[in-house]
Amino acid sequence: MSYRTPSRALCLLLLFPSIVAAGMLRPLPALAQADAAGLTLPPLKVVDPAYIDRAANACRDFDEFANGAWLKRDTIKAAYSSSGVARDMSDRNEEAVRAVLDDAMRQAPRLPLASTERKLGTFYRTCMDSTAAEREGVAPMRPALAEIARILTPARLTSAIARLHTGGTDVAFRYSPQADPHDAARYLASFYQGGLGLPDRDYYTNRGPAADSLRTAYVEHIARLLGLAGETRASARADAARVLALETELAKSSLTRVQLRDPAATDHPMSIGQLRGIAPEIDWPAYFRVIGVAHPVERVNVSSPTFFARLSELMVERPLADWRAYLRYHTLAEAAPWLSTPFVREDFDFKTHFTGARALLPRWKRCLRATDALIGEALGEAYVNRTFSPQARTRARQVIDDIRSAFGERVRRLDWMSDSTRAHALFKLAQMHEKVGYPDRWRDYTSLEVTRGPFVLNVQRANAFEWGRTANRPGTSMDTTEWDMTVPTVNAYYDPTKNEMVFPAGALQPQTFDDAADDAANYGSLGASWAGHELTHGFDDEGRHYDAHGNLKDWWIPADSLRFTREAQKVVDQFDRYIQVDTFHVNGRLTLGENIADLGGLLTAYDALEGLLQRKGRPGPIDGFTPEQRFFLGYAQSWRIHTRPEAMRNRVTTDPHAPEVWRVNGPLSNMPAFAQAFGCKPGDPMVRPAEVVAHIW
């Protein structure tokens with residue numbers, strides 16, 4: 001489950017691309033239950049006794065108790081960086097999505113040219129045409145590379161950056177109309193740091209043998225990619241060094257991930273004149289003209305003025321040859337997954353440094369995910385028509401609303417909060433709304449052009465369509481119906497600027513939720529890990545800075561804010577002590593919001609379950625476990641995962657989520673109700689002393 005802020009893209013909790021495929025509450029039809037090898041996939045359960053290691057001590061390591069038997073026999077497939085809940089859900093769901101796409105592909109030639117289903121089928125077909133990709137090689141990219149070669153003046157540099165932005169290539173910086181932090185009902189032109197080829201600025205600034213080795217590998221990768229496009233070996237190596245040097249300067253002026261978590265650190269509204277003063281070497285009128293903003297932009301938000309000031313200096317400090325090399329590389333890197341085999345292999349081989357994957361995904365999976373990422377609502381509408389019923393949507397809402405009610409009761413009982421802050425918190429909760437399953441209004445793809453190939457150009461057209469749909473928004477009213485995840489995504493998010501939780505259909509299926517499962521299991525998984533977690537994001541260390549209407553506004557009295565900060569520090573201290581991988585510790589400050597949301601989600605969902613049991617009566621044990629025990633098992637098994645060390649090392653720097661073992665053992669060790677359910681005693685590793693436990697929500 002993800003937390004969305006206006007200053008960064010969605011962060012996927014389970015470390016799969018945003019294009020992971022979809023799910024539903026009821027079982028998939030038989031076709032969708034078979035994997036690519038034709039093998040039937042076993043059904044998933046919210047709580048599966050087969051995963052439990054009964055020889056493990058629940059009071060010593062509950063994650064090992066709940067998931068240890070599964071982990072002992074699990075093997076990560078070669079094409080993946082991890083296995084577990086989301087992987088299992090996605091494998092089943094991708095078969096359903098594949099059926100949708102195969103249908104669309106077969107029917108496309110007989111459908112009207114402007115129909116969304118024809119565009120969907122044609123898009124997928126051109127991706128699946130590997131023969132055409134091998135035949136074309138780098139040829140589809142020649143016009144773009146030729147345009148970069150013609151950059152002979154700073155003015156042309158700005159225009160080239162703008163054109164690459166419209167086609168989906170992240171170079172130099174990022175532009176995105178977002179909610180105005182101080183008037184969330186309207187869009188504001190917003191600018192963010194960007195343009196790095198490595199996953200984070202720390203990869204450029206860290207020192208030591210491992211960091212140096214990775215940068216060397218990056219330079220070699222850049223040189224090989226440029227060489228595949230026709231550069232001589234000597235020229236490609238020289239250009240690769242230029243790219244690293246330029247990106248290092250961008251990285252040194254970039255905010256850290258921890259800094260980006262502070263809404264005040266990225267809140268810099270200013271006039272367009274002030275922006276020109278900060279970054280005078282960027283031709284802003286030309287930029288807006290090329291990206292298609294038709295009306296004058298008078299006010300913007302700049303997430304990092306220091307970054308843009310340095311970028312402006314680099315526009316004239318660095319020779320245009322450096323910038324041409326940089327833009328060539330990023331153009332090729334963006335296109336590489338969809339070109340011929342040498343490009344695909346080079347792209348994959350370099351990414352293994354961060355994923356640990358040993359083999360490429362099958363082409364149909366890569367194409368399915370690209371389709372979902374780029375024209376996802378076209379796919380989502382067809383998918384929902386097959387798989388997700390209105391009744392399922394209603395049942396999921398009931399669980400989510402029960403969690404909302406329980407959170408309100410917790411707020412009313414807080415003994416550390418003043419009446420003034422409490423009233424604002426309850427008002428924000430009352431105004432919070434949720435989107436469940438799928439949009440009420442589907443996206444119109446009439447203006448999207450999809451041709452019979454090459455696929456890489458259809459990718460650029462899909463990016464340009466999305467850019468054109470949103471680029472001209474500054475000054476207009478917020479579209480409150482829009483989703484920032486596609487329907488077939490196994491994830492969820494909270495958006496503080498809209499004060500809303502969003503749960504795609506892909507998240508609402510076993511192992512997350514099963515309408516046939518017992519309440520205790522469902523409340524431990526959907527209730528705690530998803531609904532309670534996302535709701536608490538509205539009141540974590542970031543979300544609490546936004547009011548009920550999504551505006552960046554301090555509604556806390558100073559004494560309450562101080563108490564919150566003091567308790568939150570206990571969460572930081574707790575997670576700082578945990579080992580992430582090798583000798584690297586969890587970054588408690590980077591993961592603070594997710595850790596607060598995990599604890600708040602658990603506490604709230606447990607309250608909701610106890611209230612439900614009082615209303616409905618207590619059922620007997622299931623598989624030998626009481627309702628409370630099944631609640632905690634449902635929570636722990638919702639984090640069942642096995643991750644390669646390469647991916648874990650990357651997560652230390654880039655991921656605001658702690659490793660799943662600590663997302664289980666960390667918050668549960670803070671809960672007396674857990675200790676009581678499993679008979680844990682003071683001194684057991686799963687029982688932390690009361691004086692060090694954070695008491696927030």
# chains A, B, ... in the order shown; residues from 1 in each chain; ligands from 1
>>> residues_around(residues="A:Arg461", least_positions_apart="4", cutoff="10 Å", atoms="only C-alpha atoms", output="VMD selection string")
chain A and resid 166 to 168 374 448 to 451 455 to 457 465 to 467
>>> residues_around(residues="A:Asp103", least_positions_apart="6", cutoff="12 Å", atoms="only C-alpha atoms", output="list in words")
Ala96, Val97, Pro109, Arg110, Leu111, Glu117, Arg118, Leu120, Gly121, Thr122, Tyr124, Arg125, Leu379, Ala382, Tyr383 and Arg386 of chain A
>>> closest_residue(among="A:Gly601, A:Met478, A:Gly666, A:Ile641", to="A:Lys570", atoms="only C-alpha atoms")
A:Gly666
>>> closest_residue(among="A:Arg366, A:Arg237, A:Arg310, A:Arg473", to="A:Tyr175", atoms="only C-alpha atoms")
A:Arg473
>>> select_by_dssp(residues="stretch 165-206 of chain A", states="alpha helix (DSSP H)", output="ChimeraX atom specification")
/A:165-166,202-205
>>> write_last_selection(atoms="all heavy atoms", output="compact mmCIF listing (two decimals), in the first residue's frame")
# COMPACT_ATOMS: atom_id res chain seq x y z
N HIS A 165 10.21 15.43 -22.60
CA HIS A 165 9.23 15.33 -21.52
C HIS A 165 7.87 14.88 -22.05
O HIS A 165 7.22 14.02 -21.46
CB HIS A 165 9.08 16.67 -20.81
CG HIS A 165 10.21 16.98 -19.87
ND1 HIS A 165 10.28 18.15 -19.15
CD2 HIS A 165 11.30 16.27 -19.51
CE1 HIS A 165 11.37 18.14 -18.41
NE2 HIS A 165 12.01 17.01 -18.61
N THR A 166 7.44 15.46 -23.15
CA THR A 166 6.11 15.11 -23.68
C THR A 166 6.04 13.66 -24.13
O THR A 166 4.96 13.07 -24.15
CB THR A 166 5.72 16.02 -24.84
OG1 THR A 166 6.62 15.82 -25.94
CG2 THR A 166 5.74 17.49 -24.43
N ASP A 202 21.78 9.38 -3.86
CA ASP A 202 22.82 8.80 -3.01
C ASP A 202 23.76 7.87 -3.78
O ASP A 202 24.91 7.66 -3.37
CB ASP A 202 22.20 8.04 -1.84
CG ASP A 202 21.58 8.98 -0.81
OD1 ASP A 202 21.61 10.20 -1.02
OD2 ASP A 202 21.06 8.48 0.21
N TYR A 203 23.30 7.30 -4.88
CA TYR A 203 24.17 6.44 -5.67
C TYR A 203 25.32 7.23 -6.30
O TYR A 203 26.35 6.64 -6.66
CB TYR A 203 23.37 5.74 -6.77
CG TYR A 203 22.57 4.56 -6.27
CD1 TYR A 203 21.23 4.70 -5.93
CD2 TYR A 203 23.16 3.31 -6.11
CE1 TYR A 203 20.49 3.62 -5.47
CE2 TYR A 203 22.43 2.23 -5.65
CZ TYR A 203 21.10 2.39 -5.32
OH TYR A 203 20.36 1.32 -4.84
N TYR A 204 25.16 8.53 -6.42
CA TYR A 204 26.21 9.39 -6.97
C TYR A 204 27.11 9.94 -5.88
O TYR A 204 28.29 10.21 -6.11
CB TYR A 204 25.59 10.55 -7.75
CG TYR A 204 24.76 10.13 -8.92
CD1 TYR A 204 23.41 9.81 -8.77
CD2 TYR A 204 25.30 10.07 -10.20
CE1 TYR A 204 22.62 9.44 -9.84
CE2 TYR A 204 24.52 9.70 -11.30
CZ TYR A 204 23.19 9.38 -11.11
OH TYR A 204 22.42 9.00 -12.18
N THR A 205 26.57 10.13 -4.69
CA THR A 205 27.31 10.81 -3.63
C THR A 205 27.95 9.86 -2.62
O THR A 205 28.88 10.26 -1.92
CB THR A 205 26.38 11.78 -2.88
OG1 THR A 205 25.28 11.04 -2.31
CG2 THR A 205 25.83 12.84 -3.83
>>> atom_distance(atom1="atom CA of A:Ala210", atom2="atom CA of A:Leu590")
21.8 Å
>>> closest_residue(among="A:Tyr80, A:Trp697, A:Trp323, A:Trp70", to="A:Pro362", atoms="only C-alpha atoms")
A:Tyr80
>>> closest_residue(among="A:Ala325, A:Ile596, A:Ala189, A:Ala245", to="A:Ser271", atoms="only C-alpha atoms")
A:Ala189
>>> residues_around(residues="stretch 497-504 of chain A", least_positions_apart="4", cutoff="8 Å", atoms="only C-alpha atoms", output="PyMOL selection string")
chain A and resi 5-6+179+181+184+428+431-438+480+483+485-493+508+534-535+538+546+548-551
>>> closest_residue(among="A:Ala559, A:Asp598, A:Ile151, A:Val138", to="A:Met417", atoms="only C-alpha atoms")
A:Ala559
>>> closest_residue(among="A:Ala321, A:Ala265, A:Leu332, A:Ala79", to="A:Thr169", atoms="only C-alpha atoms")
A:Leu332
>>> atom_distance(atom1="atom CA of A:Phe678", atom2="atom CA of A:Glu567")
26.4 Å
>>> residues_around(residues="A:Asn57", least_positions_apart="5", cutoff="10 Å", atoms="only C-alpha atoms", output="ChimeraX atom specification")
/A:62-66,678,680,684,686
>>> select_by_dssp(residues="stretch 164-369 of chain A", states="strand (DSSP E)", output="ChimeraX atom specification")
/A:173-180,183-193,269-271,299-302
>>> atom_distance(atom1="atom CA of A:Ser82", atom2="atom CA of A:Arg201")
24.3 Å
>>> residues_around(residues="A:Gly588", least_positions_apart="6", cutoff="10 Å", atoms="only C-alpha atoms", output="JSON, numbers by chain")
{"A": [258, 569, 570, 571, 572, 573, 574, 575, 576, 577, 578, 594, 595, 656, 657, 658]}
>>> residues_around(residues="stretch 646-649 of chain A", least_positions_apart="2", cutoff="9 Å", atoms="only C-alpha atoms", output="VMD selection string")
chain A and resid 15 81 to 82 352 to 357 580 to 582 584 643 to 644 651 to 653 659
>>> residues_around(residues="A:Arg135", least_positions_apart="5", cutoff="10 Å", atoms="only C-alpha atoms", output="list in words")
Ser130, Leu339 and Ser340 of chain A
>>> write_last_selection(atoms="all heavy atoms", output="PDB file, in the first residue's frame")
ATOM      1  N   SER A 130       7.551  -9.283 -31.910  1.00  0.00           N
ATOM      2  CA  SER A 130       9.004  -9.279 -31.685  1.00  0.00           C
ATOM      3  C   SER A 130       9.778  -9.313 -32.998  1.00  0.00           C
ATOM      4  O   SER A 130      10.894  -8.789 -33.084  1.00  0.00           O
ATOM      5  CB  SER A 130       9.400 -10.468 -30.810  1.00  0.00           C
ATOM      6  OG  SER A 130       9.007 -11.685 -31.413  1.00  0.00           O
ATOM      7  N   LEU A 339      13.088  -2.138 -28.062  1.00  0.00           N
ATOM      8  CA  LEU A 339      13.859  -2.223 -29.291  1.00  0.00           C
ATOM      9  C   LEU A 339      14.287  -3.679 -29.519  1.00  0.00           C
ATOM     10  O   LEU A 339      13.692  -4.596 -28.972  1.00  0.00           O
ATOM     11  CB  LEU A 339      15.054  -1.275 -29.216  1.00  0.00           C
ATOM     12  CG  LEU A 339      14.701   0.217 -29.045  1.00  0.00           C
ATOM     13  CD1 LEU A 339      15.966   1.061 -28.929  1.00  0.00           C
ATOM     14  CD2 LEU A 339      13.831   0.721 -30.196  1.00  0.00           C
ATOM     15  N   SER A 340      15.314  -3.885 -30.305  1.00  0.00           N
ATOM     16  CA  SER A 340      15.768  -5.242 -30.629  1.00  0.00           C
ATOM     17  C   SER A 340      16.484  -5.876 -29.440  1.00  0.00           C
ATOM     18  O   SER A 340      16.820  -5.213 -28.449  1.00  0.00           O
ATOM     19  CB  SER A 340      16.674  -5.202 -31.852  1.00  0.00           C
ATOM     20  OG  SER A 340      17.749  -4.306 -31.645  1.00  0.00           O
TER      21      SER A 340
END
